[in-house]
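**Student:** Handing over upload.txt, compact mmCIF, N, CA and C atoms.
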```txt
# COMPACT_ATOMS: atom_id res chain seq x y z
N MET A 8 25.65 14.02 -5.32
CA MET A 8 24.39 13.44 -4.88
C MET A 8 23.47 13.26 -6.09
N LYS A 9 22.90 12.07 -6.20
CA LYS A 9 21.96 11.79 -7.29
C LYS A 9 20.60 12.36 -6.93
N LYS A 10 19.98 13.01 -7.90
CA LYS A 10 18.64 13.59 -7.74
C LYS A 10 17.80 13.19 -8.94
N ASN A 11 16.51 13.46 -8.83
CA ASN A 11 15.58 13.26 -9.93
C ASN A 11 15.62 11.83 -10.45
N LEU A 12 15.33 10.90 -9.54
CA LEU A 12 15.33 9.47 -9.85
C LEU A 12 13.89 8.98 -9.95
N LEU A 13 13.60 8.24 -11.00
CA LEU A 13 12.27 7.66 -11.18
C LEU A 13 12.39 6.15 -11.05
N ALA A 14 11.71 5.59 -10.05
CA ALA A 14 11.74 4.15 -9.82
C ALA A 14 10.58 3.50 -10.57
N LEU A 15 10.88 2.36 -11.18
CA LEU A 15 9.90 1.63 -11.96
C LEU A 15 9.87 0.18 -11.51
N ASP A 16 8.70 -0.29 -11.10
CA ASP A 16 8.49 -1.68 -10.72
C ASP A 16 7.59 -2.30 -11.78
N LEU A 17 8.22 -2.95 -12.76
CA LEU A 17 7.51 -3.47 -13.92
C LEU A 17 6.95 -4.86 -13.67
N GLY A 18 5.68 -5.03 -14.00
CA GLY A 18 5.04 -6.33 -14.02
C GLY A 18 4.54 -6.58 -15.44
N LYS A 19 3.89 -7.70 -15.64
CA LYS A 19 3.39 -8.03 -16.99
C LYS A 19 2.21 -7.16 -17.38
N GLY A 20 1.52 -6.57 -16.40
CA GLY A 20 0.38 -5.71 -16.70
C GLY A 20 0.26 -4.51 -15.79
N SER A 21 1.34 -4.20 -15.07
CA SER A 21 1.31 -3.06 -14.17
C SER A 21 2.70 -2.45 -14.05
N LEU A 22 2.71 -1.18 -13.71
CA LEU A 22 3.97 -0.47 -13.49
C LEU A 22 3.80 0.41 -12.27
N GLY A 23 4.56 0.09 -11.21
CA GLY A 23 4.59 0.95 -10.04
C GLY A 23 5.62 2.03 -10.27
N ILE A 24 5.26 3.28 -9.93
CA ILE A 24 6.14 4.41 -10.20
C ILE A 24 6.30 5.25 -8.94
N ALA A 25 7.54 5.60 -8.63
CA ALA A 25 7.86 6.50 -7.52
C ALA A 25 8.99 7.42 -7.96
N ILE A 26 9.12 8.54 -7.27
CA ILE A 26 10.16 9.51 -7.64
C ILE A 26 10.88 10.02 -6.40
N SER A 27 12.14 10.37 -6.59
CA SER A 27 12.88 11.11 -5.59
C SER A 27 13.48 12.31 -6.31
N ARG A 28 12.93 13.47 -6.04
CA ARG A 28 13.43 14.69 -6.68
C ARG A 28 14.70 15.18 -5.99
N SER A 29 14.77 14.99 -4.69
CA SER A 29 15.89 15.50 -3.89
C SER A 29 17.02 14.50 -3.76
N GLY A 30 16.73 13.23 -4.02
CA GLY A 30 17.71 12.19 -3.76
C GLY A 30 17.69 11.73 -2.32
N MET A 31 16.73 12.22 -1.55
CA MET A 31 16.61 11.83 -0.15
C MET A 31 15.19 11.40 0.20
N PHE A 32 14.21 12.10 -0.30
CA PHE A 32 12.82 11.79 0.01
C PHE A 32 12.17 11.12 -1.20
N ILE A 33 11.26 10.20 -0.93
CA ILE A 33 10.63 9.40 -1.98
C ILE A 33 9.13 9.64 -1.97
N THR A 34 8.57 9.84 -3.16
CA THR A 34 7.15 10.07 -3.31
C THR A 34 6.57 9.02 -4.25
N PRO A 35 5.55 8.28 -3.80
CA PRO A 35 4.89 7.35 -4.72
C PRO A 35 4.09 8.15 -5.74
N ILE A 36 4.11 7.71 -6.99
CA ILE A 36 3.35 8.42 -8.02
C ILE A 36 2.08 7.67 -8.38
N GLU A 37 2.22 6.43 -8.86
CA GLU A 37 1.00 5.72 -9.24
C GLU A 37 1.25 4.24 -9.50
N ASN A 38 0.12 3.53 -9.53
CA ASN A 38 0.05 2.16 -10.05
C ASN A 38 -0.54 2.31 -11.44
N PHE A 39 0.27 2.10 -12.45
CA PHE A 39 -0.22 2.22 -13.82
C PHE A 39 -0.53 0.84 -14.35
N ARG A 40 -1.78 0.62 -14.74
CA ARG A 40 -2.21 -0.66 -15.30
C ARG A 40 -2.22 -0.57 -16.82
N PHE A 41 -1.84 -1.66 -17.47
CA PHE A 41 -1.85 -1.69 -18.93
C PHE A 41 -2.18 -3.10 -19.40
N HIS A 42 -2.49 -3.22 -20.68
CA HIS A 42 -2.77 -4.54 -21.24
C HIS A 42 -1.53 -5.41 -21.10
N ALA A 43 -1.73 -6.64 -20.69
CA ALA A 43 -0.61 -7.55 -20.42
C ALA A 43 0.37 -7.59 -21.57
N MET A 44 1.63 -7.37 -21.22
CA MET A 44 2.77 -7.45 -22.14
C MET A 44 2.73 -6.39 -23.26
N CYS A 45 1.92 -5.37 -23.12
CA CYS A 45 1.87 -4.27 -24.10
C CYS A 45 2.66 -3.10 -23.52
N PHE A 46 3.97 -3.16 -23.68
CA PHE A 46 4.85 -2.23 -22.98
C PHE A 46 4.93 -0.84 -23.60
N GLN A 47 4.30 -0.64 -24.75
CA GLN A 47 4.24 0.70 -25.31
C GLN A 47 3.38 1.61 -24.42
N GLU A 48 2.37 1.03 -23.78
CA GLU A 48 1.50 1.81 -22.90
C GLU A 48 2.27 2.42 -21.73
N PRO A 49 3.06 1.64 -20.99
CA PRO A 49 3.83 2.28 -19.91
C PRO A 49 4.89 3.25 -20.44
N LEU A 50 5.45 2.96 -21.61
CA LEU A 50 6.41 3.91 -22.18
C LEU A 50 5.73 5.25 -22.47
N ASN A 51 4.51 5.19 -22.97
CA ASN A 51 3.76 6.43 -23.22
C ASN A 51 3.47 7.17 -21.92
N ARG A 52 3.15 6.42 -20.86
CA ARG A 52 2.89 7.06 -19.57
C ARG A 52 4.16 7.72 -19.03
N ILE A 53 5.28 7.05 -19.20
CA ILE A 53 6.55 7.63 -18.75
C ILE A 53 6.84 8.91 -19.53
N LYS A 54 6.58 8.90 -20.84
CA LYS A 54 6.75 10.13 -21.64
C LYS A 54 5.93 11.27 -21.07
N GLU A 55 4.68 10.97 -20.70
CA GLU A 55 3.81 12.00 -20.10
C GLU A 55 4.41 12.53 -18.80
N LEU A 56 4.91 11.63 -17.97
CA LEU A 56 5.51 12.05 -16.71
C LEU A 56 6.73 12.93 -16.93
N LEU A 57 7.51 12.60 -17.96
CA LEU A 57 8.73 13.36 -18.21
C LEU A 57 8.43 14.78 -18.70
N LEU A 58 7.21 15.04 -19.11
CA LEU A 58 6.82 16.40 -19.47
C LEU A 58 6.69 17.29 -18.23
N ILE A 59 6.43 16.66 -17.08
CA ILE A 59 6.26 17.44 -15.85
C ILE A 59 7.33 17.18 -14.80
N GLU A 60 8.05 16.08 -14.95
CA GLU A 60 9.10 15.74 -13.98
C GLU A 60 10.46 15.74 -14.66
N ARG A 61 11.43 16.30 -13.98
CA ARG A 61 12.81 16.23 -14.45
C ARG A 61 13.41 14.93 -13.92
N VAL A 62 13.83 14.06 -14.82
CA VAL A 62 14.36 12.77 -14.41
C VAL A 62 15.75 12.59 -15.00
N GLU A 63 16.70 12.26 -14.16
CA GLU A 63 18.08 12.02 -14.59
C GLU A 63 18.43 10.54 -14.60
N THR A 64 17.70 9.74 -13.77
CA THR A 64 18.01 8.32 -13.64
C THR A 64 16.73 7.52 -13.49
N PHE A 65 16.63 6.44 -14.24
CA PHE A 65 15.59 5.43 -14.02
C PHE A 65 16.19 4.37 -13.11
N VAL A 66 15.49 4.04 -12.03
CA VAL A 66 15.89 2.94 -11.16
C VAL A 66 14.88 1.83 -11.43
N LEU A 67 15.34 0.84 -12.15
CA LEU A 67 14.47 -0.23 -12.62
C LEU A 67 14.62 -1.44 -11.72
N GLY A 68 13.49 -1.86 -11.13
CA GLY A 68 13.51 -3.05 -10.28
C GLY A 68 13.88 -4.28 -11.09
N LEU A 69 14.83 -5.06 -10.59
CA LEU A 69 15.29 -6.26 -11.29
C LEU A 69 14.78 -7.49 -10.55
N PRO A 70 13.83 -8.20 -11.16
CA PRO A 70 13.30 -9.40 -10.51
C PRO A 70 14.26 -10.58 -10.64
N LEU A 71 14.44 -11.28 -9.56
CA LEU A 71 15.32 -12.45 -9.52
C LEU A 71 14.68 -13.51 -8.64
N PHE A 72 15.06 -14.77 -8.87
CA PHE A 72 14.66 -15.83 -7.95
C PHE A 72 15.30 -15.56 -6.59
N PRO A 73 14.75 -16.13 -5.52
CA PRO A 73 15.38 -15.95 -4.20
C PRO A 73 16.87 -16.31 -4.19
N SER A 74 17.27 -17.24 -5.05
CA SER A 74 18.68 -17.64 -5.12
C SER A 74 19.56 -16.56 -5.75
N GLY A 75 18.93 -15.58 -6.39
CA GLY A 75 19.68 -14.54 -7.11
C GLY A 75 19.80 -14.82 -8.59
N ASP A 76 19.31 -15.97 -9.02
CA ASP A 76 19.34 -16.32 -10.44
C ASP A 76 18.25 -15.57 -11.19
N PRO A 77 18.45 -15.34 -12.50
CA PRO A 77 17.42 -14.68 -13.30
C PRO A 77 16.16 -15.54 -13.40
N CYS A 78 15.03 -14.88 -13.55
CA CYS A 78 13.75 -15.56 -13.74
C CYS A 78 13.14 -15.06 -15.05
N GLU A 79 11.96 -15.52 -15.36
CA GLU A 79 11.30 -15.11 -16.61
C GLU A 79 11.18 -13.58 -16.70
N MET A 80 10.81 -12.94 -15.61
CA MET A 80 10.62 -11.48 -15.63
C MET A 80 11.94 -10.72 -15.78
N THR A 81 13.05 -11.34 -15.43
CA THR A 81 14.34 -10.67 -15.57
C THR A 81 14.56 -10.28 -17.02
N GLU A 82 14.35 -11.20 -17.94
CA GLU A 82 14.54 -10.91 -19.36
C GLU A 82 13.54 -9.88 -19.87
N ILE A 83 12.32 -9.92 -19.35
CA ILE A 83 11.31 -8.94 -19.74
C ILE A 83 11.76 -7.54 -19.29
N VAL A 84 12.30 -7.45 -18.09
CA VAL A 84 12.78 -6.15 -17.59
C VAL A 84 13.96 -5.66 -18.43
N TYR A 85 14.87 -6.56 -18.80
CA TYR A 85 15.99 -6.15 -19.66
C TYR A 85 15.48 -5.66 -21.02
N SER A 86 14.47 -6.30 -21.57
CA SER A 86 13.89 -5.86 -22.84
C SER A 86 13.24 -4.49 -22.68
N PHE A 87 12.54 -4.30 -21.57
CA PHE A 87 11.92 -3.01 -21.30
C PHE A 87 12.99 -1.92 -21.14
N ALA A 88 14.10 -2.27 -20.50
CA ALA A 88 15.21 -1.31 -20.34
C ALA A 88 15.74 -0.87 -21.71
N LYS A 89 15.81 -1.79 -22.65
CA LYS A 89 16.25 -1.43 -24.01
C LYS A 89 15.28 -0.44 -24.64
N MET A 90 13.98 -0.64 -24.41
CA MET A 90 12.98 0.30 -24.91
C MET A 90 13.14 1.67 -24.25
N LEU A 91 13.40 1.66 -22.93
CA LEU A 91 13.65 2.93 -22.24
C LEU A 91 14.85 3.65 -22.83
N GLN A 92 15.93 2.89 -23.05
CA GLN A 92 17.16 3.46 -23.61
C GLN A 92 16.92 4.06 -24.99
N GLU A 93 16.14 3.36 -25.81
CA GLU A 93 15.84 3.86 -27.16
C GLU A 93 14.99 5.11 -27.12
N ASN A 94 14.03 5.17 -26.21
CA ASN A 94 13.12 6.30 -26.13
C ASN A 94 13.67 7.48 -25.34
N PHE A 95 14.53 7.20 -24.37
CA PHE A 95 15.05 8.25 -23.49
C PHE A 95 16.56 8.08 -23.33
N PRO A 96 17.33 8.24 -24.39
CA PRO A 96 18.77 7.94 -24.34
C PRO A 96 19.55 8.84 -23.38
N GLU A 97 19.01 9.97 -23.02
CA GLU A 97 19.72 10.89 -22.14
C GLU A 97 19.56 10.54 -20.66
N ILE A 98 18.69 9.56 -20.35
CA ILE A 98 18.43 9.21 -18.96
C ILE A 98 19.15 7.91 -18.62
N GLU A 99 19.96 7.96 -17.56
CA GLU A 99 20.70 6.78 -17.09
C GLU A 99 19.72 5.73 -16.56
N ILE A 100 20.05 4.47 -16.78
CA ILE A 100 19.26 3.36 -16.25
C ILE A 100 20.14 2.57 -15.29
N VAL A 101 19.65 2.38 -14.07
CA VAL A 101 20.33 1.51 -13.11
C VAL A 101 19.32 0.45 -12.66
N TYR A 102 19.85 -0.69 -12.28
CA TYR A 102 19.01 -1.79 -11.81
C TYR A 102 19.14 -1.92 -10.31
N GLN A 103 18.03 -2.29 -9.68
CA GLN A 103 18.03 -2.54 -8.24
C GLN A 103 17.31 -3.85 -7.99
N ASP A 104 17.96 -4.75 -7.28
CA ASP A 104 17.36 -6.01 -6.90
C ASP A 104 16.01 -5.74 -6.22
N GLU A 105 14.96 -6.37 -6.74
CA GLU A 105 13.64 -6.14 -6.17
C GLU A 105 13.08 -7.34 -5.42
N ARG A 106 13.94 -8.31 -5.16
CA ARG A 106 13.45 -9.49 -4.42
C ARG A 106 12.75 -9.08 -3.13
N TYR A 107 11.56 -9.61 -2.94
CA TYR A 107 10.75 -9.40 -1.75
C TYR A 107 10.26 -7.96 -1.58
N SER A 108 10.39 -7.13 -2.60
CA SER A 108 9.95 -5.73 -2.47
C SER A 108 8.43 -5.63 -2.28
N THR A 109 7.66 -6.50 -2.92
CA THR A 109 6.21 -6.46 -2.75
C THR A 109 5.82 -6.89 -1.34
N ILE A 110 6.52 -7.87 -0.79
CA ILE A 110 6.25 -8.29 0.59
C ILE A 110 6.59 -7.15 1.55
N GLU A 111 7.73 -6.52 1.33
CA GLU A 111 8.12 -5.38 2.18
C GLU A 111 7.12 -4.24 2.04
N ALA A 112 6.66 -3.99 0.81
CA ALA A 112 5.66 -2.94 0.59
C ALA A 112 4.36 -3.27 1.33
N SER A 113 3.94 -4.53 1.26
CA SER A 113 2.72 -4.95 1.95
C SER A 113 2.86 -4.77 3.46
N ASN A 114 4.01 -5.13 3.98
CA ASN A 114 4.25 -4.95 5.42
C ASN A 114 4.20 -3.47 5.80
N ASN A 115 4.78 -2.63 4.95
CA ASN A 115 4.75 -1.18 5.22
C ASN A 115 3.33 -0.64 5.19
N LEU A 116 2.54 -1.09 4.23
CA LEU A 116 1.14 -0.64 4.14
C LEU A 116 0.32 -1.17 5.32
N SER A 117 0.62 -2.39 5.76
CA SER A 117 -0.07 -2.94 6.94
C SER A 117 0.22 -2.09 8.17
N LYS A 118 1.47 -1.63 8.30
CA LYS A 118 1.83 -0.76 9.43
C LYS A 118 1.04 0.54 9.40
N LEU A 119 0.63 0.95 8.19
CA LEU A 119 -0.16 2.17 8.04
C LEU A 119 -1.67 1.90 8.16
N GLY A 120 -2.02 0.64 8.47
CA GLY A 120 -3.42 0.31 8.70
C GLY A 120 -4.18 -0.19 7.48
N GLN A 121 -3.51 -0.44 6.37
CA GLN A 121 -4.21 -0.93 5.18
C GLN A 121 -4.26 -2.45 5.18
N ASN A 122 -5.47 -3.00 5.02
CA ASN A 122 -5.58 -4.44 4.91
C ASN A 122 -5.20 -4.88 3.49
N LYS A 123 -5.09 -6.17 3.29
CA LYS A 123 -4.62 -6.72 2.00
C LYS A 123 -5.51 -6.28 0.84
N LYS A 124 -6.81 -6.21 1.06
CA LYS A 124 -7.74 -5.83 -0.01
C LYS A 124 -7.50 -4.38 -0.46
N LYS A 125 -7.31 -3.49 0.48
CA LYS A 125 -7.06 -2.08 0.15
C LYS A 125 -5.68 -1.87 -0.47
N GLN A 126 -4.74 -2.77 -0.17
CA GLN A 126 -3.38 -2.62 -0.67
C GLN A 126 -3.29 -2.78 -2.19
N LYS A 127 -4.23 -3.48 -2.80
CA LYS A 127 -4.17 -3.74 -4.25
C LYS A 127 -4.06 -2.45 -5.06
N LYS A 128 -4.67 -1.38 -4.56
CA LYS A 128 -4.64 -0.11 -5.29
C LYS A 128 -3.30 0.61 -5.20
N SER A 129 -2.49 0.26 -4.22
CA SER A 129 -1.25 1.01 -4.03
C SER A 129 0.01 0.15 -3.90
N ILE A 130 -0.13 -1.16 -4.01
CA ILE A 130 1.02 -2.04 -3.73
C ILE A 130 2.17 -1.84 -4.71
N ASP A 131 1.87 -1.64 -6.00
CA ASP A 131 2.95 -1.50 -6.99
C ASP A 131 3.73 -0.21 -6.79
N ARG A 132 3.04 0.88 -6.55
CA ARG A 132 3.77 2.14 -6.33
C ARG A 132 4.53 2.11 -5.01
N THR A 133 3.98 1.39 -4.02
CA THR A 133 4.70 1.25 -2.75
C THR A 133 5.93 0.38 -2.94
N ALA A 134 5.82 -0.67 -3.76
CA ALA A 134 6.99 -1.50 -4.07
C ALA A 134 8.05 -0.68 -4.81
N SER A 135 7.62 0.24 -5.67
CA SER A 135 8.60 1.08 -6.36
C SER A 135 9.30 2.01 -5.37
N CYS A 136 8.59 2.42 -4.31
CA CYS A 136 9.23 3.21 -3.25
C CYS A 136 10.29 2.38 -2.54
N VAL A 137 9.97 1.11 -2.28
CA VAL A 137 10.92 0.21 -1.63
C VAL A 137 12.16 0.05 -2.50
N ILE A 138 11.95 -0.15 -3.80
CA ILE A 138 13.07 -0.30 -4.74
C ILE A 138 13.94 0.95 -4.74
N LEU A 139 13.31 2.11 -4.79
CA LEU A 139 14.06 3.36 -4.82
C LEU A 139 14.79 3.59 -3.50
N GLU A 140 14.11 3.27 -2.40
CA GLU A 140 14.75 3.40 -1.08
C GLU A 140 15.97 2.50 -0.97
N ARG A 141 15.86 1.28 -1.47
CA ARG A 141 17.01 0.36 -1.44
C ARG A 141 18.17 0.91 -2.27
N TYR A 142 17.84 1.45 -3.43
CA TYR A 142 18.90 2.00 -4.28
C TYR A 142 19.58 3.18 -3.60
N LEU A 143 18.79 4.10 -3.07
CA LEU A 143 19.38 5.27 -2.41
C LEU A 143 20.21 4.86 -1.20
N ARG A 144 19.75 3.84 -0.49
CA ARG A 144 20.52 3.32 0.63
C ARG A 144 21.83 2.69 0.14
N SER A 145 21.76 1.97 -0.99
CA SER A 145 22.96 1.28 -1.50
C SER A 145 24.06 2.26 -1.93
N ILE A 146 23.66 3.46 -2.33
CA ILE A 146 24.67 4.46 -2.72
C ILE A 146 24.96 5.45 -1.59
N GLY A 147 24.38 5.19 -0.41
CA GLY A 147 24.69 5.97 0.78
C GLY A 147 24.00 7.31 0.89
N GLN A 148 22.92 7.51 0.16
CA GLN A 148 22.24 8.81 0.21
C GLN A 148 21.19 8.91 1.32
N ILE A 149 20.59 7.79 1.70
CA ILE A 149 19.62 7.81 2.81
C ILE A 149 19.90 6.61 3.71
N GLN A 150 19.40 6.72 4.92
CA GLN A 150 19.58 5.64 5.89
C GLN A 150 18.40 4.68 5.87
N ASP A 151 17.18 5.20 5.98
CA ASP A 151 16.00 4.35 6.02
C ASP A 151 14.80 5.19 5.62
N TYR A 152 13.89 4.61 4.83
CA TYR A 152 12.72 5.34 4.36
C TYR A 152 11.51 5.14 5.27
N PHE A 153 11.19 3.91 5.58
CA PHE A 153 9.97 3.64 6.34
C PHE A 153 10.21 3.53 7.84
N GLY A 154 11.44 3.63 8.25
CA GLY A 154 11.81 3.64 9.65
C GLY A 154 11.06 2.70 10.48
```
Could you quickly redo this structure as C-alpha cells?
**Tutor:**
Amino acid sequence: MKKNLLALDLGKGSLGIAISRSGMFITPIENFRFHAMCFQEPLNRIKELLLIERVETFVLGLPLFPSGDPCEMTEIVYSFAKMLQENFPEIEIVYQDERYSTIEASNNLSKLGQNKKKQKKSIDRTASCVILERYLRSIGQIQDYFG
C-alpha cells in the first residue's frame, strides 16, 4: 500500500497541495500563490512541508487537452517535475491526468455550500484532492473520496 503521498496541482501562479498519509484518506493542505512562472517559490514551500511531512511520492497533476493531447501547461509540469527530481531525488514522482479536476473540485465545494466567489480561496487545494483521489482510485487503494 502506498502511503505519504503529496498531490500537487500546478498552475502558472498557484500550487494546490493535498496529502494522504495513510494512503486512504486525503487532507487538503493549501492554495500556495506565487509570482507567475517563478517555480522556485513553490519548490521552497515544498521543502518547508517536507520538514514536517514524510512524503514518499509526489502525485503531480498532468494537464491535457480534453482530447488527451498535451497542452502548453503539460510541458511546464514536466519541467517542474525535473526540478522536483533534482531537489528531492529520493521521492518518486507519478503523474495523474487532471482533466476537469477544477470543475470536479468546484462541484464538490458547491455540494458543501460554497458559492463560486468563496471557492477561489480553496479551489486549487480541492483540485489537488481530486487528483490524489483519482490516483489512489487508479491503483485500487480507495473507492471514492467525496462520495
**Student:** How many Å lie between CA of Glu63 (chain A) and CA of Glu99 (chain A), rounded to one decimal?
**Tutor:**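 Straight-line distance from CA of Glu63 (chain A) to CA of Glu99 (chain A) works out to 6.4 Å.
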**Student:** Per DSSP on the backbone, what are the strand (DSSP E) residues of region 58-100 of chain A, as a list in words?
**Tutor:** Thr64, Phe65, Val66, Leu67, Gly68, Leu69, Glu99 and Ile100 of chain A
**Student:** Nearest to Glu60 (chain A) among A:Val137, A:Cys45, A:Ile33, A:Leu12, with distances taken over only C-alpha atoms: which residue is it?
**Tutor:**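 Checking each candidate against Glu60 (chain A), we get A:Leu12 as the closest.
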**Student:** List as an mmCIF file with N, CA and C atoms, keeping the file's coordinate frame the protein and nucleic acid residues near Ala25 (chain A), meaning an atom at most 5 Å away when all atoms listed in the file are counted, but skip any in the same chain fewer than 2 places from it.
**Tutor:**
```
data_model
loop_
_atom_site.group_PDB
_atom_site.id
_atom_site.type_symbol
_atom_site.label_atom_id
_atom_site.label_comp_id
_atom_site.auth_asym_id
_atom_site.auth_seq_id
_atom_site.Cartn_x
_atom_site.Cartn_y
_atom_site.Cartn_z
ATOM 1 N N LEU A 13 13.600 8.240 -11.000
ATOM 2 C CA LEU A 13 12.270 7.660 -11.180
ATOM 3 C C LEU A 13 12.390 6.150 -11.050
ATOM 4 N N ALA A 14 11.710 5.590 -10.050
ATOM 5 C CA ALA A 14 11.740 4.150 -9.820
ATOM 6 C C ALA A 14 10.580 3.500 -10.570
ATOM 7 N N GLY A 23 4.560 0.090 -11.210
ATOM 8 C CA GLY A 23 4.590 0.950 -10.040
ATOM 9 C C GLY A 23 5.620 2.030 -10.270
ATOM 10 N N SER A 27 12.140 10.370 -6.590
ATOM 11 C CA SER A 27 12.880 11.110 -5.590
ATOM 12 C C SER A 27 13.480 12.310 -6.310
ATOM 13 N N THR A 34 8.570 9.840 -3.160
ATOM 14 C CA THR A 34 7.150 10.070 -3.310
ATOM 15 C C THR A 34 6.570 9.020 -4.250
ATOM 16 N N PRO A 35 5.550 8.280 -3.800
ATOM 17 C CA PRO A 35 4.890 7.350 -4.720
ATOM 18 C C PRO A 35 4.090 8.150 -5.740
ATOM 19 N N ILE A 36 4.110 7.710 -6.990
ATOM 20 C CA ILE A 36 3.350 8.420 -8.020
ATOM 21 C C ILE A 36 2.080 7.670 -8.380
#
```
**Student:** May I have the centre and edge lengths, in Å to one decimal, of an axis-aligned box around the listed atoms of region 32-40 of chain A with 8 Å added to every side, as AutoDock Vina command-line options?
**Tutor:**
```
--center_x 6.0 --center_y 5.7 --center_z -8.4 --size_x 32.4 --size_y 28.8 --size_z 32.8
```
**Student:** Please report the interatomic distance between atom C of Lys123 (chain A) and atom N of Ile53 (chain A) in Å with one decimal.
**Tutor:**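 Rounded to one decimal, the two atoms are 26.4 Å apart.
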**Student:** Hey, what's within 10 Å of region 124-128 of chain A if we count only C-alpha atoms and toss same-chain stuff fewer than 5 positions away? As a ChimeraX atom specification, please?
**Tutor:** /A:37-39,112-113,116-117,133
